[in-house]
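In what follows, a single structure is set out as structure tokens and then discussed.
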Amino acid sequence: MTARRMAATGSTSKLVADLRRGDKRAAAKLISMIEDDEPEAREALRRIYRHTGKAHIVGFTGPPGAGKSSLISRLIKEFRKRGRTVGVVAVDPTSPFTGGAILGDRVRMTDASQDPRVFIRSMATRGHPGGLALATFDAVRVLEAFGSDLVMVETVGAGQSEVEIAKRAHTTVVVEMPASGDAVQILKAGILEIGDVYVVNKADLEGAGGMVSNLEQVIPERGRWRPPVLRTVASEGTGVKEVADALEGHWRHLNASDELAARERARAETELRGALAEAALRHLAAKPATERALTRAIGRVANREVDVRTAAEALLRARR
Amino acid sequence: MAKKIRVLIAKPGLDGHDRGAKVIARALRDAGMEVIYTGLRQTPEDIVAAAIEEDVDAIGLSCLSGAHMTLFPEVVRLLRKRKAADIVVAGGGIIPAEDVPKLRKAGLKGVFGPGTSLADIVGFFEANAGRSG
Amino acid sequence: MGGEDPLARLRERVKAWEETTLATALQGAPERKAEFATTSFIPIRRLYTPLDIPTFDPAKDLGEPGEYPFTRGVHPTMHRGRLWTMRMFSGFGSAEDTNRRFKYLIAHGETGLSTAFDMPTLYGYDTDDAEALGEFGTCGVAVSSLRDMEILFGGIDVGAISTSMTINSPAAVLWAMYLVMAEKRKVRWGKLRGTIQNDILKEYQAQKEWIFPPEPSMRLVVDTFEFGARKVPQWNTISISGYHIREAGATAVQELAFTLRNGIEYVRWGIERGLKVDDFAPRLSFFFNSHNDLFEEVAKYRAARRIWAREMRETFGAKRPRSWWLRFHTQTAGVSLTKQQPLNNIVRTTVQGLAAVLGGTQSLHTNSYDEAYQVPNEEAVRIALRTQQILAHESGVANTADPLGGSYFVEWLTDYMEDEAYKYFDRVDALGGVLPAIRKGFFQQEIANSAYRYQREVEKKERIIVGVNDFQTEEETEVAPLRIAKAAYNRQAARLKRIRRERSKRKWEASLAALHRAAEGTENMMPRIVDAVRAEATLGEICDTLRDVFGTWEEPLLY
């Protein structure tokens, strides 16, 4: 956190108390604290954790330009009508060259900015691979503790984002748009396996019908859930109710079956493994001696004196 | 890892001339900052609400239509009202020299007229994001 | 082919020159820069000769002025026959304020009117709308009602002077107000001359003053083509614009390409409606920027005329020569003017105005020197007008048509820009056309990229802006800013209240209901808009009716 933000932040316990009362400023500060990996972040997360676990977490993936942000914006409105408190985390890529990012997804969601029961946060990936930021799901937990019963996570949409979100959300929505030209797009195998709900947005464009039927034919069942393929024109609000219904339907399905428990376990495993790896690296990097050893090892690998795997094992052994 | 500076760039009011705002957003990104670009036709309320949720260090406002004396001070006023006065506010666009001291008095930390270099603007945000309100 | 070919001899001579005379000079002193380029990044060589235009054929590539392909001008006598219209874009505050400014400019010699509207009006809001807070009259005149339009043109003979209105999304409404105002003064619509900008495509691409989504907006534009062709035959129902595209950061080539491609799009939509091209094409006009690089601008205008003539005659099969003419208004580049040492802007505007005249413009607005930070004050706008008058009467450039024609450099550059424009046409077509390209953010991204590249060059001092990144001074020139009085706003708000109170509620309701039905259907909306204006519906009310049917536009996300 920058010095400015630090100065304006109160004690962690006060922040968490304010958060629980629905104070947006507290929620925002906590997310920053966690994102910046402040020392107090761990305590904050510890205090928050027991207030989480009840919200429905929905991930959105799909190519850039498909209209994820527009769809999420409409869903915010729809779920507010249904009386929900809604959180959104929108992730955009950090430039690998400059370290900066332009976070523009919330442009679509302006209407919601003054609703006390909607919270929207933009995050940059900050070098984390895949379509999410390291702190994304910690931010989701903050929003759960804030009072959200539905949290939507919008991924970057490129590369492997669909795989990462599928492991960490309860419901994964794949948003596509009709391909230009006559050929119906052949979708990546990964996409076909991980979606719980498929949406063909910009369905007023040519090729929508073909895409929908194509998807319906190739998407397999997941457990006892048949992923629906829906049509929307998010810019006009068409088809959005049906998507909201499908999301609620999936949540009911997860709760009614043993799938929710299985998913929670899978989520916990993914998160724990990720946290372990992260913690291990942090521990390793903490000692200056390790840093020196690492630098030496890099040189040796580059000079072809030792292969990468051997060098890594050696570093780990030396640590102990 | 160096702390990321988060800046919100907004165009309050009806003015749609966003060349400057977009160029600045890109320049700030190229300087390693995270820029929340909220787009056109934002009300001061929208801007402040977003700034609080995003926990930004600073807000950059752009207006070329002459409505800055109404819109810019209103953003500052709302920040204060919502106890977020530590967020630094700067503004730019078509602003007569006479209005600059008035805007500063109303609480803007920086006012950038036509011809200001990107280096100066980036420098301003780098310098001011670190300080507390 | 040996010595028979004059170009071969020339090639040898130039080579010899490069190896001897030039080489010696360069050894003594290198050129100022490693590369020289136009404002659009087009590299410029140190010398142009016939070798650069080997296939140049004056008969085919130029023609004579007033004849296909019109490279040298749309009229045979050009400025010898008639000087360009001196048409100064003006507007601020209330209708009363702008009416005074109109009369001031007419008294000082301007020959056509051009109206700038304030932000709320441009976006179809009444002065007292919540959206309009703080924006009354700051960048143009506020016109919310027929009454305002009557005051705006009070004491001006609209049957005698031509009026341009820079209005886009709600252009049909403002035009209807102008028409009803004239009607009430017993001026026949057949007599009215003028222009509405009405170019919605460039709003999505560059200026961003949109209301409705593209399809209904295009429908409304074609409604005005149809209505104008039948009822207001001397009116230019569109001014297809490159000015704003350029101001947003586009290069000259992009300005040329995007403007003409938009023009082609409008023609397609008109034909799709069932209109005969020769019935509406003669009333399509254009509006270009005039930027700093004089020769690039001249080449741009010449290429524009040639491209348009070819597309109209060959692609659309228009038969009337008037359909092939690209007639244009020019405005000098606002974005090039500086706040620092503002009097320098008088020089910039002069160079840019000169380019427009050399390029054969039909109408010209020259910016005032205080443009970079306010709506112009009287002294500044008078000097801008005098600039045109000096160009017209003292400089000699209006004495002959297309004086730069035949210059190896200018002919090469004209051809180059034309070719580059066609490459852009292909790219737009590959994306599926103008509307799909807009939805994909193609134009917007191209423009933003050019803007960023330009700014980076300025930062690195590869591009000098006098007074800004070089030749700076400490002092600040004192300029008296224009202020909009609160009293004017209050008067406007009171007027609106009175209008809403005093009009016939029955007629008003019926007219908006009829407009709503027309919008939901497929009929031409102009007659209904005119009826609503007659029933004293305000701008905001008419636009809200249309917003209700058409919705509003959201632009694609990109930076």
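Labeling convention for the structure tokens: chains A, B, ... as they appear, residues from 1 per chain, ligands from 1 in order of appearance.
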
Return as CSV the residues of chain B lying at most 8 Å from chain C, together with the closest atom-to-atom pair for each and the distance in Å to one decimal, counting only C-alpha atoms, with rows in chain order and ascending residue number.
```
residue,atom,partner,partner_atom,distance
B:Gly13,CA,C:Glu131,CA,7.6
B:Leu14,CA,C:Met119,CA,6.2
B:Asp15,CA,C:Met119,CA,6.7
B:Gly16,CA,C:Lys208,CA,5.1
B:His17,CA,C:Gln207,CA,6.0
B:Asp18,CA,C:Ala248,CA,7.6
B:Arg19,CA,C:Ala248,CA,5.4
B:Lys22,CA,C:Tyr559,CA,6.3
B:Val23,CA,C:Tyr452,CA,5.6
B:Arg26,CA,C:Tyr559,CA,7.4
B:Ser65,CA,C:Cys139,CA,5.5
B:Gly66,CA,C:Thr138,CA,5.2
B:Ala67,CA,C:Glu135,CA,5.2
B:His68,CA,C:Gly134,CA,7.9
B:Met69,CA,C:Gly134,CA,7.8
B:Thr70,CA,C:Gly134,CA,5.3
B:Leu71,CA,C:Gly134,CA,7.0
B:Ile94,CA,C:Tyr373,CA,4.7
B:Ile95,CA,C:Tyr373,CA,5.7
B:Pro96,CA,C:Tyr373,CA,5.6
B:Glu98,CA,C:Pro481,CA,7.9
B:Gly113,CA,C:Lys339,CA,7.7
B:Pro114,CA,C:Lys339,CA,6.1
B:Gly115,CA,C:Val468,CA,6.0
B:Thr116,CA,C:Val468,CA,7.9
B:Ser117,CA,C:Glu459,CA,6.5
B:Leu118,CA,C:Glu459,CA,6.9
B:Ala119,CA,C:Glu459,CA,7.5
```

What's the 6 Å shell around segment 168-173 of chain A, counting only C-alpha atoms, without same-chain residues fewer than 4 positions away, as a ChimeraX atom specification?
/A:57-60,195-198,267

Print the selection's residues with C-alpha atoms to a file, as an mmCIF file, in the first residue's frame.
```
data_model
loop_
_atom_site.group_PDB
_atom_site.id
_atom_site.type_symbol
_atom_site.label_atom_id
_atom_site.label_comp_id
_atom_site.auth_asym_id
_atom_site.auth_seq_id
_atom_site.Cartn_x
_atom_site.Cartn_y
_atom_site.Cartn_z
ATOM 1 C CA ILE A 57 -19.214 -17.442 -6.683
ATOM 2 C CA VAL A 58 -19.623 -17.198 -10.432
ATOM 3 C CA GLY A 59 -16.708 -16.898 -12.817
ATOM 4 C CA PHE A 60 -16.950 -15.437 -16.310
ATOM 5 C CA GLY A 195 -18.428 -24.369 -18.483
ATOM 6 C CA ASP A 196 -21.537 -24.773 -16.383
ATOM 7 C CA VAL A 197 -23.463 -22.200 -18.402
ATOM 8 C CA TYR A 198 -22.699 -21.126 -21.954
ATOM 9 C CA ARG A 267 -11.511 -25.313 -4.449
#
```

Contact residues around segment 139-152 of chain A with only C-alpha atoms at 6 Å, ignoring same-chain residues under 6 positions, as a list in words
Leu19, Arg20, Gly22, Ile31, His51, Thr52, Ala55, His56, Ile57, Val58, Gly59, Thr85, Val86, Gly87 and Val88 of chain A

Export of the given selection (N, CA and C atoms) as a compact mmCIF listing (two decimals), in the first residue's frame:
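As a result, result.txt now contains:
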```txt
# COMPACT_ATOMS: atom_id res chain seq x y z
N LEU A 19 -16.20 -3.37 7.72
CA LEU A 19 -16.52 -4.19 6.55
C LEU A 19 -17.82 -4.97 6.78
N ARG A 20 -17.90 -5.57 7.93
CA ARG A 20 -19.07 -6.39 8.24
C ARG A 20 -20.35 -5.56 8.26
N GLY A 22 -20.91 -3.26 6.14
CA GLY A 22 -21.21 -2.82 4.78
C GLY A 22 -20.56 -1.52 4.39
N ILE A 31 -9.04 -4.81 0.59
CA ILE A 31 -8.60 -5.44 -0.66
C ILE A 31 -7.23 -4.93 -1.05
N HIS A 51 -16.41 -15.52 8.07
CA HIS A 51 -17.61 -14.88 7.53
C HIS A 51 -17.80 -15.19 6.05
N THR A 52 -16.99 -16.09 5.54
CA THR A 52 -17.11 -16.42 4.12
C THR A 52 -17.61 -17.84 3.95
N ALA A 55 -21.48 -17.44 0.01
CA ALA A 55 -21.87 -16.77 -1.24
C ALA A 55 -21.70 -17.69 -2.44
N HIS A 56 -22.50 -17.42 -3.43
CA HIS A 56 -22.39 -18.12 -4.71
C HIS A 56 -21.35 -17.38 -5.54
N ILE A 57 -20.29 -18.09 -5.92
CA ILE A 57 -19.21 -17.44 -6.68
C ILE A 57 -19.29 -17.88 -8.13
N VAL A 58 -19.44 -16.91 -9.01
CA VAL A 58 -19.62 -17.20 -10.43
C VAL A 58 -18.48 -16.58 -11.22
N GLY A 59 -17.79 -17.41 -12.00
CA GLY A 59 -16.71 -16.90 -12.82
C GLY A 59 -17.15 -16.72 -14.25
N THR A 85 -27.33 -9.05 -2.67
CA THR A 85 -26.20 -8.13 -2.55
C THR A 85 -25.11 -8.69 -3.45
N VAL A 86 -24.59 -7.85 -4.34
CA VAL A 86 -23.72 -8.37 -5.41
C VAL A 86 -22.32 -7.79 -5.34
N GLY A 87 -21.33 -8.66 -5.45
CA GLY A 87 -19.94 -8.20 -5.55
C GLY A 87 -19.38 -8.57 -6.92
N VAL A 88 -18.49 -7.75 -7.43
CA VAL A 88 -17.87 -8.04 -8.72
C VAL A 88 -16.37 -7.78 -8.61
```

Write out, as CSV, each residue of chain A that has an atom at most 9 Å from chain C, together with the closest pair of atoms and their distance in Å to one decimal, counting only C-alpha atoms, rows going by chain and rising number.
```
residue,atom,partner,partner_atom,distance
A:Gly65,CA,C:Lys440,CA,7.8
A:Ile102,CA,C:Tyr559,CA,8.0
A:Gly104,CA,C:Leu557,CA,7.0
A:Asp105,CA,C:Leu557,CA,7.6
A:Val107,CA,C:Leu557,CA,7.9
A:Arg108,CA,C:Glu554,CA,8.0
A:Ser180,CA,C:Gly432,CA,8.4
A:Gly181,CA,C:Gly432,CA,9.0
A:Ser235,CA,C:Glu554,CA,7.5
A:Glu236,CA,C:Gly551,CA,8.0
```

Just C-alpha atoms for this one: save the residues we selected as a compact mmCIF listing (two decimals), in the first residue's frame.
```txt
# COMPACT_ATOMS: atom_id res chain seq x y z
CA GLY A 65 -14.93 -8.48 -27.02
CA ILE A 102 -5.65 -0.09 -17.78
CA GLY A 104 -11.73 -0.53 -17.92
CA ASP A 105 -14.31 -3.20 -17.25
CA VAL A 107 -17.10 1.39 -17.56
CA ARG A 108 -19.98 -0.89 -18.36
CA SER A 180 -17.51 -13.53 -38.31
CA GLY A 181 -17.81 -15.23 -41.65
CA SER A 235 -26.30 -4.36 -24.82
CA GLU A 236 -30.09 -4.47 -25.02
```

What are the residues of chain B lining chain A at 9 Å or less? Count only C-alpha atoms, and put the answer as a ChimeraX atom specification.
/B:1-5,25-26,28-40,42,45-47,49-50,52-57,82-84,86-87,128-133

Could you give me, as a PyMOL selection string, each residue of segment 1-132 of chain B that DSSP assigns to alpha helix (DSSP H) when run on this structure's backbone?
chain B and resi 19-30+44-54+68-81+99-105+118-128

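For the pair atom CA of Lys231 of chain C and atom CA of Ala513 of chain C, the separation is 23.7 Å.
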
Which residues are near Thr125 of chain A? Cut-off 9 Å, only C-alpha atoms, ignore same chain within fewer than 5 positions. Put them as a VMD selection string.
chain A and resid 91 to 95 101 130 to 136 156
